[in-house]
Structures are given as C-alpha cells and as structure tokens.
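Enquirer: For reference, the structure I am asking about is given below.
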Amino acid sequence: MADARTENRLFWEEEERKLEERVEMAMWPGGQSAVDRLATQGKKPVRELVGNLIDEGSEFYELSRIAGFGMGYPDVDDVPCGGIVTGLGKIHGRWTMVLANDSRVKAGTYFPITLKKHMRAQAIAERCGLNCVYIADSGGAYLPMQAEVFPDDQHFGSMFYNMARMSAMGLKQITLSTGGNTAGGAYIVFMACQAVMIDKMAYSFLGGPPLVKAATGEIISAEDLGGARVHTQISGGADHFCRNQDEAVARVREILSMEPPQQLFSHRYPEEPPKAPPESIYELLPAKIHQGINSREFLKAIADDSFFSEYKKHYAPGRGDNIITGKIRIKGIPVGVVAANGVGIIFVEAARKATEWIVRCSQEKVPLLFIQSSPGYMVGSESEHIGIGKYGADMVRAVSCAQVPRIQLVIGPDNGAANYGMCGRAYRPHFLFHTMRARTSVMSGRSAGEVLLSIEERKRAQSGNPMSPEELQAFRQQMIDKYDGEAHPFYCAARLLNDRVLKFREIRDWLAMALEVSLLKPIGEPAFGNLRF
Ligand code: COA
C-alpha cells in the first residue's frame, strides 16, 4: 500500500498528464493535414515561426494554451488555443510580447475568446512596458458572432486602440503579416509602427476582391488589390517587403535590434536553487483539494536556498497562521509572500496580519506573491462581531491599492471573498497562474449543493410537492458536479480566468519570469485610502 506522499505524487502526475493531453490538442489543430496545407502555402506552423523570432535557444513563455475549449459557440465548440498564440520571449535580450494568429483555427478569425486572449496579452504588454510583435494571419471577425466581437469596448476595435496608445508610450508595435488581413483586420498592418509583408502571401485591404466586385464592379486579384508589393511600393501602408517567412522573421529581429536594453527595478541577489527540489511539491500537496496544506514546506520548494524570512510567525497561533507572510527570493528577486496555510480559512487575525504585510511591502516597493488556497473568510457570530467583514474589507482594499507588482498562484480552493483578498482576477494581478489543484468558484460544490438544495426544498414544500430522498440526493449531486466542473482549472483556463495552468515543476521558472517582467517599470508611491483598522 503506497503511503500518502506517494499517493499524492501519483495523483498529481496523472492530473498533469491530462493537462499535457489537452495542451497537445491545442498545439495541433487539424493534425498533420493542416500542417501539410500550410506547407503548400509556404507557411510554417505558428509556433515554429515564433521559435525563429525569439533569441536562439531561449524559452517562449506561452500563455493560456488551453483557452477556448468547450465554449459552445455557434457551430464551433472548441477554439483550440483560442485561435491565437500569445506569450513572452526575448528578442535581442529584451522581453517582448508576441501575438500570433493560428490560421489553422478557422482561418485565424476572432471569436470572443480570441479577442479576450489578444486583449490580455496587450494589457500585460502595456502594464509591463513591453514591445509587441503581431504575426498577423486572420480572416478578421468570426462573422457568425459579429455582435459579440465587433462593436463593444474590449472588442475588435480595442486591438487598434491599444496599439495606438502603446506606440504613443514608446512601445514598439511591429506587425509581420503572413496571410489575410481583411476589413477591420487590415489595421493590424496599417496601425503598426513598422509592418513587414510577405510577397504573394500577405494581403491587407479594407474590402477583399468579392466585396470590391459587389460594391464597384471592379474585378481584381488579392495580390493587385492589397498584396505586399502594393503596400510597400504604392500605398506605403507597410514598410518592408520580404519574399518568405524566414526573411520576414529576420527583418522583424533587425527592426528591434537597436532597442535600448531593459532595466530591472529591483535589486537582484545571486540566484540560489532551493534546497528542497521543486519535485517535492508533488508529494507535499494533498490529492484531496480541501485537505489542509503546509505552505512553509511549499515555499521551501520554490524559494532560493529554501529560505523564508517569516513575518509575525508567532502571532495568534491557530487563527493568525491560516495566512503566513514574509519574504523569499525567487531567482535572486525578493518578493513578499501572502500564502494561505492549513485549511486556509481566513480569521480576523490572519486578515489583519495580511493587510499589514501588504502595506509594508508596498512601502518598501517589494512585489507581492499571493499563494491562494483558501475557501473563504471565517463565518459565524463570533467572527462577525469582532469585525471579519471590516478586516476582510481592509485586506481587499490593500490588495486593490497596492501599487507594487502582484502575482497570484492558486494551489487549492479559491472561493468567495478569499478570491478577492488573495488577489483574484478582478484585482488585476500582473500575472495569475493556476495549478491542477486550483478550484475557483463562488463556493465549493458541496456548499453550493446545500444552499441551492435548501432553496429548492422550500419551494417544493410550499407548492405541496415535497422532494423525495432520491430527488434530494440527485439535486445535491447535480449541483456538486456543476460547481466542481466550473471551478476546475480546465474550465477556468478555457475562459482565460488564468494566464496559464502551471505544472508544479514549472512554478519557480514561471514566477521568476513573471517577477522579472513585472519589474521592468519603476514602482510608484503607495496610497491606500480609507483603511478602517
Ligand atoms: N468568419 C467566419 N468564418 C470564416 C471567416 C470569417 N471571417 N473567414 C474564414 N472562415 C472560415 C471558413 O469558412 C473556413 O471554415 P471551414 O474550415 O469550416 O470550411 C475556415 O475559416 C478556413 O477558411 P479558408 O477560406 O478555407 O482559409 P484560407 O486560408 O483559404 O483563406 C482567408 C483565408 C482569411 C483569406 C479567407 O478565409 C477569407 O477571405 N475570409 C474572409 C475574410 C473577411 O472577409 N473577413 C471580414 C471580417 S472583418
């Protein structure tokens, strides 16, 4: 019989195998035949292009790889990878945001999830001060859903609004056009600081040949209407003419070769590996999601030298240590930690300590890492009377106003107001990562089942048709399944409620990247408004 640690490891390895399976599905939409079709057009699969674009031998930190699964759009359930590859890579040693349409997914058209992913990548770039490279190959808006992708804020037009504003801030917006860019989509070429087009492969026009014929009667080929020659030699809408993708990628690298180096706005200590191997996380974290965790042990597996300088370690044992606070270094970068501990229910003492710590880190201009594994704040009259509402609100206010980079990593339950206090999506962390142990929902399936059941039971009793024990059980189970399904990292990742589902062994590298990128801009001064104390 395997011991608990071995059971945990086997469980998490199997969960991450399922993750890998889903990632594979996203990487190869249409399988080999889609790759062969690209080859007939002289095109490489999009990740190969990205690989050539970034510095040789460097890593591409791809975001949201399993976005777009099970979306239930008209005629299309899955949009693998959201139809767009986004991520961070280094070009001439500078962190750069890359956004690349995958033309194998419905001609790279924009579904609502494609837009959300595009917007998220631009938001990270703007906030962290990164140049952007757009590898454009898209049929534009996914026309059956035009009302959901065209007219609103954060819809299609926002892509160009963002490009304009970022270029005004001095962030280079470079487009490599390697396919269709029709109608509104054409602006991805024309709005760029510099645009590269490929002969007989890239097209950009406000109306394609069929529309032109219908509107004016003119019969013209795509090449003559808006090909690379037209825009680099006649209209001037693009700046660089290339004969193939290799040449175009090299040109983009050349354009970015004289950018000034980036600066890290933090002292960086020499990097030291953790004494506890990251692999130990597989054994440490219980397979049962609601079982308590030992966050001090978890920190040892991600911190330089496994060193955690804890703040208020002895404060209010049993009530104050459901959240632990302190500093670690990750690859030499100091970071303030706010980590749920044990079962993670946040008591008044823990909320006050966390608020204090967030304010201190903000004063010191040290970034914050929220390690979330909390099902919520403590309920009940005792807790209410001593002010859990007001102290929880203080924590939420501190999280909202902290001007330092904030990163959230979810390794357990992520429910209710604890999602707010621990810097969930609505609190705009610079990066938000889930693991396969994350469960994000307003409450757990079990709690939701009981709440909804009590409502249903009352209604049925009032209507003179009380529920039978079988109906009670079936209803309860239905609610548990629904809530647990919606809290699952696959469901959340599909909808971009995280920036990536990390394997446990990836956590340290990704946190280091996220910290580095988040610290490329100077940190402003703290201001917290009306804390109640
Ligand atoms: N909306 C919805 N579906 C679209 C689409 C759009 N804008 N553009 C292409 N598609 C679909 C096609 O119907 C096809 O679906 P299928 O695989 O189920 O048959 C799939 O995407 C691939 O398109 P296809 O035309 O076969 O790819 P291609 O590589 O030969 O050509 C384009 C790519 C972009 C040049 C071509 O699809 C095109 O001109 N699309 C229309 C572009 C347009 O006018 N957009 C205006 C919206 S702003």
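By convention in this document, the chains of the structure tokens carry letters A, B, ... by their order, each chain's residues are numbered from 1, and ligands are numbered from 1 in the order they are shown.
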For ligand 1, list the contacting residues at 10 Å or closer, counting only C-alpha atoms and all ligand atoms, as a VMD selection string.

Expert: chain A and resid 30 37 to 38 41 75 to 76 103 to 111 137 to 146 149 to 150 156 179 to 186 201 to 211 222

Enquirer: What is the atom CA of Leu225 of chain A to atom CA of Lys44 of chain A distance in Å?

Expert: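 Rounded to one decimal, the two atoms are 24.8 Å apart.
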
Enquirer: Looking at A:Ala493, A:Ala398, A:Leu452, A:Val404, which one is nearest to Gly529 of chain A, with distances taken over only C-alpha atoms?

Expert: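 Nearest candidate to Gly529 of chain A out of A:Ala493, A:Ala398, A:Leu452, A:Val404: A:Ala398.
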
Enquirer: Nearest to Ser441 of chain A among A:His155, A:Arg406, A:His488, A:Arg495, with distances taken over only C-alpha atoms: which residue is it?

Expert: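 Smallest separation from Ser441 of chain A among the options: A:His488.
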
Enquirer: So which bits of segment 249-483 of chain A end up strand (DSSP E) when you DSSP the backbone, as an mmCIF file with N, CA and C atoms, in the first residue's frame?

Expert:
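states_20.cif, freshly written:
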```
data_model
loop_
_atom_site.group_PDB
_atom_site.id
_atom_site.type_symbol
_atom_site.label_atom_id
_atom_site.label_comp_id
_atom_site.auth_asym_id
_atom_site.auth_seq_id
_atom_site.Cartn_x
_atom_site.Cartn_y
_atom_site.Cartn_z
ATOM 1 N N SER A 309 11.885 34.203 5.149
ATOM 2 C CA SER A 309 12.015 35.092 6.289
ATOM 3 C C SER A 309 10.599 35.477 6.714
ATOM 4 N N GLU A 310 10.113 34.821 7.777
ATOM 5 C CA GLU A 310 8.684 34.944 8.097
ATOM 6 C C GLU A 310 8.391 36.157 8.969
ATOM 7 N N TYR A 311 7.281 36.801 8.672
ATOM 8 C CA TYR A 311 6.818 37.980 9.397
ATOM 9 C C TYR A 311 5.689 37.572 10.341
ATOM 10 N N ILE A 323 -2.970 32.351 7.355
ATOM 11 C CA ILE A 323 -2.212 33.017 6.291
ATOM 12 C C ILE A 323 -0.818 33.242 6.849
ATOM 13 N N ILE A 324 0.190 32.889 6.077
ATOM 14 C CA ILE A 324 1.551 33.201 6.519
ATOM 15 C C ILE A 324 2.123 34.282 5.610
ATOM 16 N N THR A 325 2.960 35.118 6.199
ATOM 17 C CA THR A 325 3.512 36.259 5.467
ATOM 18 C C THR A 325 5.021 36.304 5.672
ATOM 19 N N GLY A 326 5.709 36.893 4.742
ATOM 20 C CA GLY A 326 7.162 37.019 4.869
ATOM 21 C C GLY A 326 7.782 37.230 3.499
ATOM 22 N N LYS A 327 9.107 37.080 3.447
ATOM 23 C CA LYS A 327 9.798 37.307 2.172
ATOM 24 C C LYS A 327 10.571 36.070 1.758
ATOM 25 N N ILE A 328 10.612 35.862 0.457
ATOM 26 C CA ILE A 328 11.518 34.871 -0.131
ATOM 27 C C ILE A 328 12.210 35.551 -1.310
ATOM 28 N N ARG A 329 13.207 34.905 -1.853
ATOM 29 C CA ARG A 329 13.786 35.345 -3.124
ATOM 30 C C ARG A 329 13.516 34.270 -4.155
ATOM 31 N N ILE A 330 13.155 34.688 -5.350
ATOM 32 C CA ILE A 330 12.988 33.718 -6.432
ATOM 33 C C ILE A 330 13.972 34.101 -7.531
ATOM 34 N N ILE A 333 15.335 37.486 -6.958
ATOM 35 C CA ILE A 333 14.435 38.649 -6.823
ATOM 36 C C ILE A 333 13.623 38.526 -5.523
ATOM 37 N N PRO A 334 13.726 39.523 -4.633
ATOM 38 C CA PRO A 334 12.953 39.448 -3.386
ATOM 39 C C PRO A 334 11.460 39.676 -3.652
ATOM 40 N N VAL A 335 10.654 38.898 -2.958
ATOM 41 C CA VAL A 335 9.203 39.034 -3.127
ATOM 42 C C VAL A 335 8.515 38.821 -1.783
ATOM 43 N N GLY A 336 7.507 39.647 -1.509
ATOM 44 C CA GLY A 336 6.698 39.484 -0.304
ATOM 45 C C GLY A 336 5.649 38.421 -0.566
ATOM 46 N N VAL A 337 5.489 37.519 0.409
ATOM 47 C CA VAL A 337 4.556 36.407 0.220
ATOM 48 C C VAL A 337 3.356 36.566 1.139
ATOM 49 N N VAL A 338 2.164 36.321 0.599
ATOM 50 C CA VAL A 338 0.951 36.186 1.401
ATOM 51 C C VAL A 338 0.396 34.826 1.014
ATOM 52 N N ALA A 339 0.543 33.840 1.894
ATOM 53 C CA ALA A 339 0.189 32.469 1.496
ATOM 54 C C ALA A 339 -0.841 31.879 2.440
ATOM 55 N N ALA A 340 -1.921 31.340 1.876
ATOM 56 C CA ALA A 340 -2.896 30.608 2.692
ATOM 57 C C ALA A 340 -2.180 29.381 3.246
ATOM 58 N N LEU A 368 4.534 41.499 -4.650
ATOM 59 C CA LEU A 368 3.784 40.576 -3.787
ATOM 60 C C LEU A 368 3.383 39.319 -4.542
ATOM 61 N N LEU A 369 3.527 38.197 -3.859
ATOM 62 C CA LEU A 369 3.077 36.916 -4.403
ATOM 63 C C LEU A 369 1.981 36.373 -3.487
ATOM 64 N N PHE A 370 0.792 36.187 -4.043
ATOM 65 C CA PHE A 370 -0.322 35.624 -3.284
ATOM 66 C C PHE A 370 -0.432 34.146 -3.629
ATOM 67 N N ILE A 371 -0.274 33.316 -2.616
ATOM 68 C CA ILE A 371 -0.405 31.869 -2.852
ATOM 69 C C ILE A 371 -1.759 31.466 -2.274
ATOM 70 N N GLN A 372 -2.673 31.194 -3.177
ATOM 71 C CA GLN A 372 -4.068 31.058 -2.770
ATOM 72 C C GLN A 372 -4.476 29.601 -2.594
ATOM 73 N N SER A 373 -4.979 29.320 -1.403
ATOM 74 C CA SER A 373 -5.564 28.003 -1.130
ATOM 75 C C SER A 373 -6.541 28.212 0.016
ATOM 76 N N SER A 374 -7.487 29.109 -0.210
ATOM 77 C CA SER A 374 -8.401 29.476 0.869
ATOM 78 C C SER A 374 -9.853 29.374 0.413
ATOM 79 N N ARG A 406 1.910 42.480 -8.513
ATOM 80 C CA ARG A 406 1.223 41.442 -7.730
ATOM 81 C C ARG A 406 0.999 40.220 -8.625
ATOM 82 N N ILE A 407 1.288 39.071 -8.068
ATOM 83 C CA ILE A 407 1.138 37.824 -8.830
ATOM 84 C C ILE A 407 0.312 36.869 -7.978
ATOM 85 N N GLN A 408 -0.653 36.203 -8.606
ATOM 86 C CA GLN A 408 -1.420 35.209 -7.859
ATOM 87 C C GLN A 408 -1.137 33.807 -8.386
ATOM 88 N N LEU A 409 -0.928 32.890 -7.463
ATOM 89 C CA LEU A 409 -0.729 31.481 -7.800
ATOM 90 C C LEU A 409 -1.750 30.688 -7.002
ATOM 91 N N VAL A 410 -2.592 29.912 -7.676
ATOM 92 C CA VAL A 410 -3.646 29.186 -6.958
ATOM 93 C C VAL A 410 -3.265 27.717 -6.858
ATOM 94 N N ILE A 411 -3.200 27.228 -5.609
ATOM 95 C CA ILE A 411 -2.802 25.820 -5.401
ATOM 96 C C ILE A 411 -3.848 25.077 -4.566
ATOM 97 N N GLY A 412 -5.067 25.573 -4.525
ATOM 98 C CA GLY A 412 -6.103 24.915 -3.733
ATOM 99 C C GLY A 412 -7.422 25.616 -3.927
ATOM 100 N N PRO A 413 -8.321 25.536 -2.922
ATOM 101 C CA PRO A 413 -9.622 26.183 -3.049
ATOM 102 C C PRO A 413 -9.454 27.694 -3.209
ATOM 103 N N ASP A 414 -10.340 28.298 -3.972
ATOM 104 C CA ASP A 414 -10.267 29.740 -4.246
ATOM 105 C C ASP A 414 -11.713 30.217 -4.324
ATOM 106 N N ASN A 415 -12.297 30.387 -3.123
ATOM 107 C CA ASN A 415 -13.740 30.636 -3.086
ATOM 108 C C ASN A 415 -14.078 31.960 -2.431
ATOM 109 N N PHE A 431 0.151 38.848 -13.151
ATOM 110 C CA PHE A 431 0.023 37.505 -13.718
ATOM 111 C C PHE A 431 -0.810 36.667 -12.758
ATOM 112 N N LEU A 432 -1.584 35.740 -13.320
ATOM 113 C CA LEU A 432 -2.401 34.855 -12.491
ATOM 114 C C LEU A 432 -2.236 33.422 -12.999
ATOM 115 N N PHE A 433 -1.707 32.576 -12.140
ATOM 116 C CA PHE A 433 -1.465 31.193 -12.547
ATOM 117 C C PHE A 433 -2.300 30.229 -11.712
ATOM 118 N N HIS A 434 -2.816 29.221 -12.366
ATOM 119 C CA HIS A 434 -3.459 28.110 -11.669
ATOM 120 C C HIS A 434 -2.521 26.901 -11.727
ATOM 121 N N ARG A 439 -9.143 25.425 -7.574
ATOM 122 C CA ARG A 439 -10.598 25.325 -7.744
ATOM 123 C C ARG A 439 -11.199 26.701 -7.470
ATOM 124 N N THR A 440 -11.558 27.410 -8.531
ATOM 125 C CA THR A 440 -12.060 28.780 -8.381
ATOM 126 C C THR A 440 -13.566 28.833 -8.613
ATOM 127 N N SER A 441 -14.312 29.133 -7.556
ATOM 128 C CA SER A 441 -15.766 29.299 -7.708
ATOM 129 C C SER A 441 -16.286 30.057 -6.490
#
```

Enquirer: Determine which residues of segment 224-438 of chain A DSSP labels as alpha helix (DSSP H) from the backbone of this structure, then write them out as number ranges by chain.

Expert: A: 224-226, 228-229, 245-255, 281-284, 295-300, 348-364, 381-385, 388-401, 416-421

Enquirer: Restricting the calculation to only C-alpha atoms: of A:Val379, A:Pro469, A:Arg94, A:Val501, which residue gets closest to Pro261 of chain A?

Expert: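 Ranked by minimum distance to Pro261 of chain A, first place goes to A:Arg94.
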
Enquirer: Work out how far apart atom CA of Gly68 of chain A and atom CA of Glu14 of chain A are and give it in Å to one decimal.

Expert: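 Atom CA of Glu14 of chain A lies 22.5 Å from atom CA of Gly68 of chain A.
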
Enquirer: Residues near Pro317 of chain A, anyone? I mean within 12 Å using only C-alpha atoms, not counting same-chain ones fewer than 2 positions away, as a PyMOL selection string.

Expert: chain A and resi 312-315+319-324+341-342+347+349-350

Enquirer: With N, CA and C atoms retained, write the just-selected residues as a PDB file, in the first residue's frame.

Expert:
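Dumped to out20.pdb:
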```pdb
ATOM      1  N   LYS A 312       5.810  37.935  11.628  1.00  0.00           N
ATOM      2  CA  LYS A 312       4.781  37.621  12.636  1.00  0.00           C
ATOM      3  C   LYS A 312       4.485  36.116  12.713  1.00  0.00           C
ATOM      4  N   LYS A 313       5.546  35.341  12.753  1.00  0.00           N
ATOM      5  CA  LYS A 313       5.383  33.879  12.767  1.00  0.00           C
ATOM      6  C   LYS A 313       4.586  33.388  13.977  1.00  0.00           C
ATOM      7  N   HIS A 314       4.772  34.057  15.118  1.00  0.00           N
ATOM      8  CA  HIS A 314       4.169  33.533  16.353  1.00  0.00           C
ATOM      9  C   HIS A 314       2.858  34.223  16.712  1.00  0.00           C
ATOM     10  N   TYR A 315       2.366  35.060  15.824  1.00  0.00           N
ATOM     11  CA  TYR A 315       1.166  35.845  16.146  1.00  0.00           C
ATOM     12  C   TYR A 315      -0.092  34.973  16.063  1.00  0.00           C
ATOM     13  N   ARG A 319      -5.099  30.954  14.594  1.00  0.00           N
ATOM     14  CA  ARG A 319      -6.021  31.913  13.972  1.00  0.00           C
ATOM     15  C   ARG A 319      -5.282  32.873  13.051  1.00  0.00           C
ATOM     16  N   GLY A 320      -4.045  33.206  13.467  1.00  0.00           N
ATOM     17  CA  GLY A 320      -3.271  34.148  12.659  1.00  0.00           C
ATOM     18  C   GLY A 320      -2.464  33.452  11.571  1.00  0.00           C
ATOM     19  N   ASP A 321      -2.252  32.126  11.738  1.00  0.00           N
ATOM     20  CA  ASP A 321      -1.367  31.465  10.780  1.00  0.00           C
ATOM     21  C   ASP A 321      -2.115  30.697   9.692  1.00  0.00           C
ATOM     22  N   ASN A 322      -3.397  31.025   9.521  1.00  0.00           N
ATOM     23  CA  ASN A 322      -4.085  30.493   8.340  1.00  0.00           C
ATOM     24  C   ASN A 322      -3.629  31.235   7.096  1.00  0.00           C
ATOM     25  N   ILE A 323      -2.970  32.351   7.355  1.00  0.00           N
ATOM     26  CA  ILE A 323      -2.212  33.017   6.291  1.00  0.00           C
ATOM     27  C   ILE A 323      -0.818  33.242   6.849  1.00  0.00           C
ATOM     28  N   ILE A 324       0.190  32.889   6.077  1.00  0.00           N
ATOM     29  CA  ILE A 324       1.551  33.201   6.519  1.00  0.00           C
ATOM     30  C   ILE A 324       2.123  34.282   5.610  1.00  0.00           C
ATOM     31  N   ASN A 341      -2.547  28.994   4.461  1.00  0.00           N
ATOM     32  CA  ASN A 341      -1.852  27.888   5.122  1.00  0.00           C
ATOM     33  C   ASN A 341      -2.884  27.010   5.820  1.00  0.00           C
ATOM     34  N   GLY A 342      -2.556  25.724   6.024  1.00  0.00           N
ATOM     35  CA  GLY A 342      -3.526  24.817   6.640  1.00  0.00           C
ATOM     36  C   GLY A 342      -4.755  24.735   5.753  1.00  0.00           C
ATOM     37  N   PHE A 347      -9.166  33.989   9.362  1.00  0.00           N
ATOM     38  CA  PHE A 347      -9.707  34.572  10.590  1.00  0.00           C
ATOM     39  C   PHE A 347      -9.334  36.054  10.632  1.00  0.00           C
ATOM     40  N   GLU A 349      -7.527  37.657  12.698  1.00  0.00           N
ATOM     41  CA  GLU A 349      -6.098  37.883  12.963  1.00  0.00           C
ATOM     42  C   GLU A 349      -5.284  37.723  11.686  1.00  0.00           C
ATOM     43  N   ALA A 350      -5.627  36.707  10.891  1.00  0.00           N
ATOM     44  CA  ALA A 350      -4.884  36.459   9.645  1.00  0.00           C
ATOM     45  C   ALA A 350      -5.123  37.603   8.651  1.00  0.00           C
TER      46      ALA A 350
END
```

Enquirer: I need the residue nearest Val35 of chain A from this list: A:Met97, A:Tyr134, A:Ile507, A:Asp102. Use only C-alpha atoms for the distance.

Expert: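 Distance minimum relative to Val35 of chain A lands on A:Asp102.
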
Enquirer: Ranking A:Leu256, A:Leu520, A:Ala393, A:Ala248 by minimum distance to Ile124 of chain A and counting only C-alpha atoms, which one comes first?

Expert: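 Closest candidate: A:Leu520.
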